[in-house]
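Undergrad: Contents of target-v9.txt (compact mmCIF, C-alpha atoms) are below:
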# COMPACT_ATOMS: atom_id res chain seq x y z
CA MET A 1 -16.33 -35.70 40.43
CA LYS A 2 -14.80 -38.91 41.62
CA ILE A 3 -12.47 -40.96 39.45
CA ALA A 4 -10.26 -44.03 39.67
CA VAL A 5 -6.93 -44.42 37.90
CA VAL A 6 -5.84 -48.05 37.62
CA GLY A 7 -2.07 -48.35 37.29
CA THR A 8 0.55 -46.24 39.09
CA GLY A 9 3.26 -46.17 36.48
CA TYR A 10 4.38 -43.09 34.60
CA VAL A 11 1.03 -42.29 33.00
CA GLY A 12 -1.15 -43.30 35.95
CA VAL A 13 0.65 -41.28 38.62
CA VAL A 14 0.92 -38.16 36.47
CA THR A 15 -2.71 -38.39 35.33
CA GLY A 16 -4.12 -39.00 38.79
CA THR A 17 -2.02 -36.34 40.49
CA CYS A 18 -2.67 -33.62 37.92
CA LEU A 19 -6.43 -34.25 37.94
CA ALA A 20 -6.39 -34.03 41.73
CA GLU A 21 -4.55 -30.73 41.39
CA VAL A 22 -7.55 -29.21 39.58
CA GLY A 23 -9.97 -30.36 42.27
CA ILE A 24 -11.00 -33.88 41.24
CA ASP A 25 -11.32 -36.63 43.88
CA VAL A 26 -8.84 -39.25 42.61
CA THR A 27 -7.88 -42.73 43.77
CA CYS A 28 -4.86 -44.34 42.13
CA ILE A 29 -4.95 -48.14 42.27
CA ASP A 30 -2.23 -50.76 41.89
CA ILE A 31 -1.80 -54.42 42.88
CA ASP A 32 1.79 -53.68 43.97
CA THR A 33 1.41 -53.23 47.74
CA LYS A 34 4.91 -51.84 48.21
CA LYS A 35 4.42 -49.22 45.51
CA ILE A 36 1.12 -48.08 47.04
CA GLU A 37 2.65 -47.83 50.53
CA ASN A 38 5.51 -45.77 49.11
CA LEU A 39 3.09 -43.44 47.33
CA LYS A 40 1.13 -42.95 50.55
CA ASN A 41 4.40 -41.86 52.14
CA GLY A 42 5.31 -39.54 49.26
CA ILE A 43 7.86 -41.89 47.69
CA LEU A 44 7.33 -41.91 43.93
CA PRO A 45 8.17 -44.75 41.50
CA ILE A 46 9.36 -42.21 38.91
CA TYR A 47 11.04 -38.81 38.86
CA GLU A 48 9.28 -35.93 37.16
CA PRO A 49 10.02 -32.27 37.92
CA GLY A 50 7.28 -30.89 40.19
CA LEU A 51 5.44 -34.19 40.61
CA GLU A 52 6.52 -35.02 44.16
CA GLU A 53 5.32 -31.63 45.41
CA LEU A 54 1.92 -32.12 43.74
CA VAL A 55 1.52 -35.63 45.18
CA THR A 56 2.27 -34.38 48.69
CA ARG A 57 -0.01 -31.35 48.40
CA ASN A 58 -3.00 -33.24 47.03
CA THR A 59 -2.59 -36.17 49.41
CA GLU A 60 -2.61 -33.77 52.35
CA ALA A 61 -5.66 -32.01 50.88
CA ASN A 62 -7.44 -35.38 50.78
CA ARG A 63 -8.02 -35.15 47.01
CA LEU A 64 -5.48 -37.85 46.07
CA HIS A 65 -5.68 -41.37 47.48
CA PHE A 66 -3.82 -44.63 46.87
CA SER A 67 -5.23 -48.13 47.17
CA THR A 68 -4.61 -51.77 46.26
CA SER A 69 -8.35 -52.50 46.05
CA LEU A 70 -10.13 -51.76 42.81
CA ALA A 71 -13.33 -53.26 44.21
CA GLU A 72 -13.47 -50.70 47.02
CA SER A 73 -12.15 -47.73 45.06
CA ILE A 74 -14.42 -48.03 42.03
CA LYS A 75 -17.63 -47.53 44.02
CA GLY A 76 -19.30 -44.23 43.19
CA CYS A 77 -16.76 -43.26 40.51
CA ASP A 78 -17.85 -41.33 37.44
CA ILE A 79 -14.80 -42.40 35.43
CA ALA A 80 -12.27 -45.23 35.59
CA PHE A 81 -9.00 -44.70 33.74
CA ILE A 82 -7.06 -47.77 32.65
CA ALA A 83 -3.39 -46.78 32.75
CA VAL A 84 -1.59 -50.10 33.07
CA GLY A 85 1.36 -51.23 30.96
CA THR A 86 1.10 -52.57 27.41
CA PRO A 87 4.50 -54.25 26.94
CA PRO A 88 5.49 -55.38 23.44
CA GLY A 89 5.08 -59.06 22.64
CA GLU A 90 7.69 -61.11 20.81
CA ASP A 91 6.11 -60.18 17.48
CA GLY A 92 6.05 -56.46 18.35
CA SER A 93 2.32 -56.29 19.06
CA ALA A 94 1.06 -54.63 22.24
CA ASP A 95 0.26 -57.10 25.02
CA LEU A 96 -3.23 -56.16 26.24
CA LYS A 97 -3.61 -58.76 28.99
CA TYR A 98 -3.25 -56.20 31.80
CA VAL A 99 -5.66 -53.76 30.15
CA LEU A 100 -8.30 -56.44 29.61
CA ALA A 101 -7.82 -57.87 33.11
CA VAL A 102 -8.57 -54.44 34.56
CA ALA A 103 -11.61 -54.05 32.29
CA ARG A 104 -12.90 -57.41 33.52
CA GLU A 105 -12.38 -56.42 37.17
CA ILE A 106 -14.18 -53.10 36.59
CA GLY A 107 -17.17 -55.01 35.20
CA GLU A 108 -17.14 -57.28 38.24
CA ASN A 109 -17.27 -54.39 40.69
CA ILE A 110 -19.09 -51.31 39.35
CA ASP A 111 -22.32 -50.39 41.13
CA ASP A 112 -23.57 -47.62 38.81
CA TYR A 113 -23.04 -46.05 35.40
CA ILE A 114 -19.38 -45.31 34.67
CA VAL A 115 -17.16 -44.26 31.76
CA VAL A 116 -14.26 -46.69 31.29
CA VAL A 117 -11.39 -44.82 29.64
CA THR A 118 -8.26 -46.30 28.12
CA LYS A 119 -5.35 -44.00 28.95
CA SER A 120 -2.67 -46.55 28.10
CA THR A 121 -1.31 -46.48 24.56
CA VAL A 122 -3.28 -49.21 22.83
CA PRO A 123 -3.90 -50.36 19.24
CA VAL A 124 -7.01 -49.39 17.31
CA GLY A 125 -9.86 -51.66 18.35
CA THR A 126 -8.82 -52.02 22.00
CA ALA A 127 -11.82 -50.08 23.32
CA GLN A 128 -14.13 -52.65 21.79
CA LYS A 129 -12.20 -55.43 23.53
CA VAL A 130 -12.45 -53.48 26.80
CA LYS A 131 -16.20 -53.13 26.23
CA PHE A 132 -16.51 -56.86 25.63
CA GLU A 133 -14.69 -57.71 28.88
CA VAL A 134 -16.79 -55.29 30.93
CA GLN A 135 -20.00 -56.62 29.40
CA GLN A 136 -18.99 -60.25 29.93
CA ALA A 137 -18.37 -59.55 33.61
CA LEU A 138 -21.72 -57.78 33.94
CA ASP A 139 -23.52 -60.64 32.19
CA LYS A 140 -22.07 -63.12 34.69
CA ARG A 141 -23.53 -60.95 37.45
CA ASN A 142 -26.88 -60.81 35.61
CA SER A 143 -26.47 -57.06 35.87
CA ARG A 144 -28.16 -54.51 33.63
CA LEU A 145 -25.88 -51.66 34.68
CA THR A 146 -24.98 -49.32 31.81
CA TYR A 147 -21.57 -47.89 31.03
CA ASP A 148 -19.57 -46.31 28.23
CA VAL A 149 -16.05 -46.80 26.98
CA ALA A 150 -13.81 -43.99 25.78
CA SER A 151 -10.26 -43.36 24.62
CA ASN A 152 -8.16 -40.52 26.02
CA PRO A 153 -4.55 -40.96 24.87
CA GLU A 154 -1.75 -39.15 26.68
CA PHE A 155 0.82 -36.88 25.04
CA LEU A 156 3.37 -36.52 27.85
CA LYS A 157 7.08 -35.87 27.39
CA GLU A 158 9.40 -37.35 29.99
CA GLY A 159 10.88 -34.51 32.00
CA ALA A 160 7.95 -32.22 31.22
CA ALA A 161 4.97 -34.47 31.96
CA VAL A 162 3.38 -32.29 34.65
CA GLU A 163 3.62 -29.19 32.47
CA ASP A 164 2.26 -31.13 29.47
CA PHE A 165 -0.73 -32.39 31.45
CA LEU A 166 -1.63 -29.12 33.16
CA LYS A 167 -1.03 -27.02 30.04
CA PRO A 168 -1.86 -29.37 27.16
CA ASP A 169 -1.55 -28.29 23.55
CA ARG A 170 -4.62 -30.50 22.93
CA ILE A 171 -6.81 -33.03 24.73
CA VAL A 172 -7.97 -35.88 22.48
CA VAL A 173 -11.04 -37.85 23.55
CA GLY A 174 -12.75 -40.64 21.66
CA VAL A 175 -16.36 -41.36 22.67
CA GLU A 176 -19.39 -43.22 21.35
CA SER A 177 -22.19 -41.45 23.23
CA LYS A 178 -23.25 -37.92 24.15
CA LYS A 179 -23.40 -38.90 27.80
CA ALA A 180 -19.75 -39.98 27.80
CA GLU A 181 -18.80 -36.78 25.97
CA GLU A 182 -20.57 -34.64 28.57
CA ILE A 183 -18.82 -36.41 31.44
CA MET A 184 -15.39 -36.14 29.83
CA ARG A 185 -16.01 -32.48 29.03
CA ARG A 186 -16.92 -31.90 32.69
CA LEU A 187 -13.73 -33.66 33.79
CA TYR A 188 -11.57 -31.39 31.64
CA LYS A 189 -13.54 -28.20 32.26
CA PRO A 190 -10.71 -26.57 34.31
CA PHE A 191 -8.40 -26.97 31.32
CA LEU A 192 -10.96 -25.59 28.87
CA LEU A 193 -11.40 -22.49 31.03
CA ASN A 194 -7.69 -21.83 30.50
CA GLY A 195 -8.12 -22.07 26.74
CA HIS A 196 -6.63 -25.51 26.13
CA PRO A 197 -8.44 -27.19 23.22
CA ILE A 198 -10.33 -30.47 23.56
CA ILE A 199 -10.97 -32.51 20.43
CA PHE A 200 -13.80 -35.06 20.50
CA MET A 201 -13.84 -37.81 17.91
CA ASP A 202 -14.86 -41.43 17.46
CA ILE A 203 -12.90 -43.98 19.49
CA PRO A 204 -10.87 -45.65 16.67
CA SER A 205 -9.71 -42.21 15.51
CA ALA A 206 -8.58 -41.31 19.04
CA GLU A 207 -6.68 -44.58 19.35
CA MET A 208 -5.02 -44.00 15.97
CA THR A 209 -4.14 -40.37 16.80
CA LYS A 210 -1.75 -41.46 19.54
CA TYR A 211 0.10 -43.93 17.31
CA ALA A 212 0.15 -41.55 14.34
CA ALA A 213 1.58 -38.73 16.48
CA ASN A 214 4.35 -40.93 17.86
CA ALA A 215 5.07 -42.43 14.44
CA MET A 216 5.37 -38.96 12.90
CA LEU A 217 7.79 -37.81 15.59
CA ALA A 218 9.81 -41.01 15.29
CA THR A 219 9.92 -40.55 11.51
CA LYS A 220 11.20 -36.98 11.91
CA ILE A 221 14.01 -38.18 14.18
CA SER A 222 15.11 -40.94 11.81
CA PHE A 223 14.77 -38.63 8.83
CA MET A 224 17.04 -36.04 10.47
CA ASN A 225 19.56 -38.73 11.37
CA ASP A 226 19.55 -39.75 7.71
CA ILE A 227 20.07 -36.11 6.70
CA ALA A 228 22.86 -35.76 9.29
CA ASN A 229 24.71 -38.75 7.84
CA LEU A 230 24.39 -37.29 4.34
CA CYS A 231 25.52 -33.87 5.57
CA GLU A 232 28.67 -35.39 7.01
CA ILE A 233 29.44 -37.08 3.70
CA MET A 234 28.79 -33.95 1.64
CA GLY A 235 30.40 -31.39 3.97
CA ALA A 236 27.22 -29.67 5.15
CA ASP A 237 26.50 -28.70 8.78
CA VAL A 238 23.35 -30.50 9.97
CA ASN A 239 22.86 -28.02 12.83
CA LEU A 240 22.58 -25.16 10.36
CA VAL A 241 20.32 -27.25 8.12
CA ARG A 242 18.15 -28.04 11.16
CA LYS A 243 17.74 -24.34 11.94
CA GLY A 244 16.90 -23.64 8.33
CA ILE A 245 14.09 -26.18 8.09
CA GLY A 246 12.94 -25.83 11.71
CA SER A 247 11.71 -22.30 11.07
CA ASP A 248 9.27 -23.56 8.41
CA PRO A 249 5.70 -23.13 9.82
CA ARG A 250 4.39 -25.77 7.43
CA SER A 251 5.71 -28.49 9.75
CA GLY A 252 2.75 -28.04 12.14
CA ASN A 253 -0.84 -28.46 10.92
CA LYS A 254 0.02 -27.89 7.28
CA PHE A 255 0.73 -30.63 4.73
CA ILE A 256 -1.11 -33.32 6.73
CA TYR A 257 -4.15 -33.67 4.48
CA PRO A 258 -4.27 -37.01 2.63
CA GLY A 259 -4.93 -36.97 -1.10
CA ILE A 260 -3.52 -38.26 -4.36
CA GLY A 261 0.07 -37.50 -3.38
CA TYR A 262 2.34 -34.51 -3.79
CA GLY A 263 3.03 -32.88 -7.13
CA GLY A 264 4.00 -29.44 -8.36
CA SER A 265 7.30 -28.19 -9.66
CA CYS A 266 9.42 -28.73 -6.52
CA PHE A 267 8.56 -31.75 -4.39
CA PRO A 268 8.84 -34.50 -7.04
CA LYS A 269 12.11 -33.31 -8.56
CA ASP A 270 13.68 -32.34 -5.22
CA VAL A 271 12.93 -35.66 -3.53
CA LYS A 272 14.26 -37.57 -6.54
CA ALA A 273 17.34 -35.35 -6.70
CA LEU A 274 18.18 -35.81 -3.00
CA VAL A 275 17.74 -39.58 -3.23
CA LYS A 276 19.95 -39.65 -6.33
CA SER A 277 22.70 -37.40 -4.97
CA SER A 278 22.87 -39.44 -1.77
CA GLU A 279 23.28 -42.63 -3.81
CA GLU A 280 26.07 -41.00 -5.79
CA ASN A 281 27.82 -40.32 -2.49
CA GLY A 282 27.44 -43.87 -1.22
CA HIS A 283 24.52 -43.23 1.13
CA LYS A 284 21.03 -44.67 0.78
CA MET A 285 18.16 -42.42 1.96
CA ARG A 286 15.80 -45.22 2.98
CA ILE A 287 13.05 -43.05 4.47
CA LEU A 288 13.04 -40.65 1.54
CA GLN A 289 12.96 -43.55 -0.93
CA ALA A 290 9.92 -44.87 0.94
CA VAL A 291 8.35 -41.39 0.66
CA GLU A 292 8.88 -41.53 -3.10
CA ASP A 293 7.47 -45.07 -3.33
CA VAL A 294 4.34 -44.21 -1.34
CA ASN A 295 3.76 -41.12 -3.47
CA GLU A 296 3.97 -43.15 -6.67
CA ASP A 297 1.48 -45.70 -5.30
CA GLN A 298 -0.87 -42.96 -4.08
CA LYS A 299 -1.40 -41.74 -7.64
CA HIS A 300 -3.29 -44.97 -8.37
CA VAL A 301 -5.51 -44.87 -5.27
CA LEU A 302 -8.08 -42.48 -6.76
CA VAL A 303 -8.44 -44.63 -9.90
CA LYS A 304 -8.95 -47.73 -7.73
CA LYS A 305 -11.63 -45.91 -5.72
CA ILE A 306 -13.43 -44.81 -8.90
CA ASN A 307 -13.32 -48.34 -10.34
CA LYS A 308 -14.61 -49.77 -7.06
Now, as a test, write the supplied structure out as structure tokens.
TA:
Amino acid sequence: MKIAVVGTGYVGVVTGTCLAEVGIDVTCIDIDTKKIENLKNGILPIYEPGLEELVTRNTEANRLHFSTSLAESIKGCDIAFIAVGTPPGEDGSADLKYVLAVAREIGENIDDYIVVVTKSTVPVGTAQKVKFEVQQALDKRNSRLTYDVASNPEFLKEGAAVEDFLKPDRIVVGVESKKAEEIMRRLYKPFLLNGHPIIFMDIPSAEMTKYAANAMLATKISFMNDIANLCEIMGADVNLVRKGIGSDPRSGNKFIYPGIGYGGSCFPKDVKALVKSSEENGHKMRILQAVEDVNEDQKHVLVKKINK
């Protein structure tokens, strides 16, 4: 297979290098001439344990290439990954101008069927905007070339990105055609042989999965900081509390099914009690209060659905 990875930031370099490591012919593309020259000479824009060695090895093996020309590099590619930045705008929304500019340039230069994959973290609905830009560019060329779009979010931890990519706990791919699914499955075949799971889904669900995963982790961090502050007030040791709740296996794929809210004899009274006792000690558990509020609202959702 031959693929192009547009963008040589954190995600782009790691993605391109690790795919080259499993035998794929990869070209990483960037408009920054200095960055590309550095990469050709083994000078990386980021530090990740093990990455420099992989870049050197795969460059020498002629599996990993670097270029400033998308037009030249995209020819004959099966897949084009878009891995450019999506900086936050003033209102907090993701700025998609770089993603859409790349999509437009891909449409201007492809010479055969290709799968255009968003690897950058993008809001739900971005793939459709990418599709629109590619199609617009093709229409201007009066071209009837076919293509597919897909979403393949990354789940890389800084400091362990190479390990996370080569030994993923899951590979999430959003597609809208069987042909795109077959090509993406072929791309990740080396990982599947090693038993790493791949989860195919529709594109909006794949885009949402990335945001939901990050939001859940961010919520856990803020929740534990809230608990730590309460522990300090009430004389408890948060490190011991952390060990006590961290051994609970339900924190993984349990308790993530949506429904009419939580009930039973423990959750409602315990959440209320913790919120109340924190208030009595001069500390407001904002996240937990929001949990309580959402649960109260969720009880009415089923009735609204029935009425509708």
Undergrad: List the neighbours of Gly9 in chain A out to 8 Å using all atoms listed in the file; skip same-chain residues closer than 6 positions along the sequence, and give me the result as a PyMOL selection string.
TA: chain A and resi 45-46+83-85
Undergrad: For each of A:Leu44, A:Val11, A:Val303, A:Val238, take the minimum atom-to-atom distance to Pro153 in chain A, counting only C-alpha atoms, then give the residue where this is smallest.
TA: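 Closest to Pro153 in chain A of all the choices is A:Val11.
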Undergrad: Taking 6 positions as the minimum chain separation for residues in the same chain, which residues sit within 12 Å of Gln289 in chain A when counting all atoms listed in the file? Answer as a ChimeraX atom specification.
TA: /A:223,226,268,271-276,278-279,283,295-296
Undergrad: Which residue out of A:Ile24, A:Ala180, A:Met285, A:Val175 has the minimum interatomic distance to Thr146 in chain A when all atoms listed in the file are used?
TA: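 Among the listed residues, the smallest separation from Thr146 in chain A belongs to A:Ala180.
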Undergrad: For Arg141 in chain A, list every protein, DNA or RNA residue within 12 Å, evaluated using all atoms listed in the file, and leave out those in the same chain fewer than 2 positions away; present the list as a ChimeraX atom specification.
TA: /A:104,107-111,134-139,143-145
Undergrad: Tell me which protein, DNA and RNA residues are within 10 Å of range 206-215 of chain A, counting only C-alpha atoms, leaving out same-chain ones fewer than 5 positions away, and put them as number ranges by chain.
TA: A: 118-127, 150-155, 172-175, 199-201, 220-221
Undergrad: Record the distance separating CA of Val26 in chain A and CA of Asp148 in chain A, expressed in Å with one decimal.
TA: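 According to the coordinates, CA of Val26 in chain A and CA of Asp148 in chain A are separated by 19.3 Å.
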Undergrad: Please identify all polymer residues within 8 Å of Leu100 in chain A, counting all atoms listed in the file, omitting same-chain residues fewer than 6 positions from it, and present them as a list in words.
TA: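 Using all atoms listed in the file, the neighbours found are Lys129, Val130 and Glu133 of chain A.
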Undergrad: Separation of CA of Glu280 in chain A and CA of Ala236 in chain A, in Å?
TA: 15.8 Å
Undergrad: With 4 Å on each side, where is the centre of the axis-aligned box around all listed atoms of range 124-141 of chain A, and how long are its edges in Å to one decimal, as AutoDock Vina command-line options?
TA:
--center_x -15.3 --center_y -56.3 --center_z 27.4 --size_x 24.5 --size_y 21.7 --size_z 28.1
Undergrad: Rounded to one decimal place, report the CA of Val14 in chain A-CA of Asp202 in chain A distance in Å.
TA: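 Calculated distance between CA of Val14 in chain A and CA of Asp202 in chain A is 24.9 Å.
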Undergrad: Using all atoms listed in the file, which of the listed residues (A:Asn41, A:Thr33, A:Ser73, A:Thr17) sits closest to Asn58 in chain A?
TA: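 For Asn58 in chain A, the nearest of the candidates is A:Thr17.
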Undergrad: So which one's closest to Phe66 in chain A, A:Val294, A:Leu51, A:Leu96, A:Ala4? Using only C-alpha atoms, please.
TA: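 That would be A:Ala4, the residue with the smallest distance to Phe66 in chain A.
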Undergrad: Go through A:Ala218, A:Val149, A:Leu230, A:Leu166 one by one, measure the shortest atom-to-atom distance of each to Asn194 in chain A using all atoms listed in the file, and give the residue with the smallest value.
TA: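 Using all atoms listed in the file, Asn194 in chain A sits closest to A:Leu166.
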Undergrad: Could you check which of A:Thr68, A:Val55, A:Ala80, A:Glu60 is closest to Ile31 in chain A, using only C-alpha atoms?
TA: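 Using only C-alpha atoms, Ile31 in chain A sits closest to A:Thr68.
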Undergrad: I need range 135-211 of chain A from the structure I supplied, saved as a tab-separated table (two decimals), in the first residue's frame with C-alpha atoms retained.
TA:
chain	number	residue	atom	x	y	z
A	135	GLN	CA	-16.01	17.20	-4.55
A	136	GLN	CA	-15.93	20.93	-5.29
A	137	ALA	CA	-12.33	20.64	-6.44
A	138	LEU	CA	-13.16	17.64	-8.62
A	139	ASP	CA	-16.15	19.44	-10.13
A	140	LYS	CA	-13.92	22.36	-11.14
A	141	ARG	CA	-11.71	19.83	-12.95
A	142	ASN	CA	-14.79	18.26	-14.59
A	143	SER	CA	-13.51	15.04	-13.09
A	144	ARG	CA	-15.61	11.97	-12.38
A	145	LEU	CA	-13.01	10.35	-10.13
A	146	THR	CA	-14.51	8.55	-7.14
A	147	TYR	CA	-13.30	8.66	-3.56
A	148	ASP	CA	-14.42	8.00	-0.01
A	149	VAL	CA	-14.00	9.88	3.22
A	150	ALA	CA	-13.36	8.25	6.58
A	151	SER	CA	-12.59	9.13	10.17
A	152	ASN	CA	-9.77	7.47	12.10
A	153	PRO	CA	-9.21	9.35	15.37
A	154	GLU	CA	-5.95	8.93	17.27
A	155	PHE	CA	-5.66	7.90	20.93
A	156	LEU	CA	-2.00	8.70	21.61
A	157	LYS	CA	-0.55	9.66	24.99
A	158	GLU	CA	2.39	12.04	24.97
A	159	GLY	CA	5.46	10.12	26.09
A	160	ALA	CA	3.99	6.80	24.98
A	161	ALA	CA	2.73	7.61	21.48
A	162	VAL	CA	4.83	5.03	19.62
A	163	GLU	CA	3.78	2.26	22.01
A	164	ASP	CA	0.14	3.39	21.80
A	165	PHE	CA	0.18	3.32	17.99
A	166	LEU	CA	1.99	0.02	17.55
A	167	LYS	CA	0.08	-1.71	20.36
A	168	PRO	CA	-3.32	0.01	20.36
A	169	ASP	CA	-6.03	-0.92	22.83
A	170	ARG	CA	-8.48	-0.21	19.96
A	171	ILE	CA	-8.52	1.20	16.44
A	172	VAL	CA	-11.64	3.25	15.68
A	173	VAL	CA	-12.58	3.78	12.03
A	174	GLY	CA	-15.64	5.55	10.69
A	175	VAL	CA	-16.58	4.72	7.08
A	176	GLU	CA	-19.53	5.11	4.73
A	177	SER	CA	-18.78	2.37	2.19
A	178	LYS	CA	-17.66	-1.26	2.12
A	179	LYS	CA	-14.82	-0.35	-0.21
A	180	ALA	CA	-13.40	2.16	2.29
A	181	GLU	CA	-13.79	-0.39	5.08
A	182	GLU	CA	-11.87	-3.01	3.11
A	183	ILE	CA	-9.02	-0.61	2.40
A	184	MET	CA	-8.78	0.55	6.01
A	185	ARG	CA	-8.90	-3.05	7.21
A	186	ARG	CA	-6.03	-3.88	4.82
A	187	LEU	CA	-4.04	-0.91	6.15
A	188	TYR	CA	-4.38	-2.11	9.74
A	189	LYS	CA	-4.00	-5.83	8.99
A	190	PRO	CA	-0.57	-6.07	10.73
A	191	PHE	CA	-2.18	-4.81	13.93
A	192	LEU	CA	-5.13	-7.20	13.66
A	193	LEU	CA	-2.75	-10.15	13.29
A	194	ASN	CA	-1.36	-9.21	16.70
A	195	GLY	CA	-4.84	-9.25	18.21
A	196	HIS	CA	-5.48	-5.52	18.49
A	197	PRO	CA	-9.20	-4.81	17.98
A	198	ILE	CA	-10.53	-2.62	15.17
A	199	ILE	CA	-13.99	-1.11	15.56
A	200	PHE	CA	-15.80	0.02	12.41
A	201	MET	CA	-18.70	2.44	12.74
A	202	ASP	CA	-20.39	5.29	10.90
A	203	ILE	CA	-18.34	8.47	10.51
A	204	PRO	CA	-20.22	10.77	12.97
A	205	SER	CA	-19.89	8.11	15.67
A	206	ALA	CA	-16.14	7.84	15.07
A	207	GLU	CA	-15.76	11.62	15.26
A	208	MET	CA	-17.77	11.71	18.49
A	209	THR	CA	-15.81	8.80	20.03
A	210	LYS	CA	-12.62	10.86	20.12
A	211	TYR	CA	-14.27	13.82	21.85
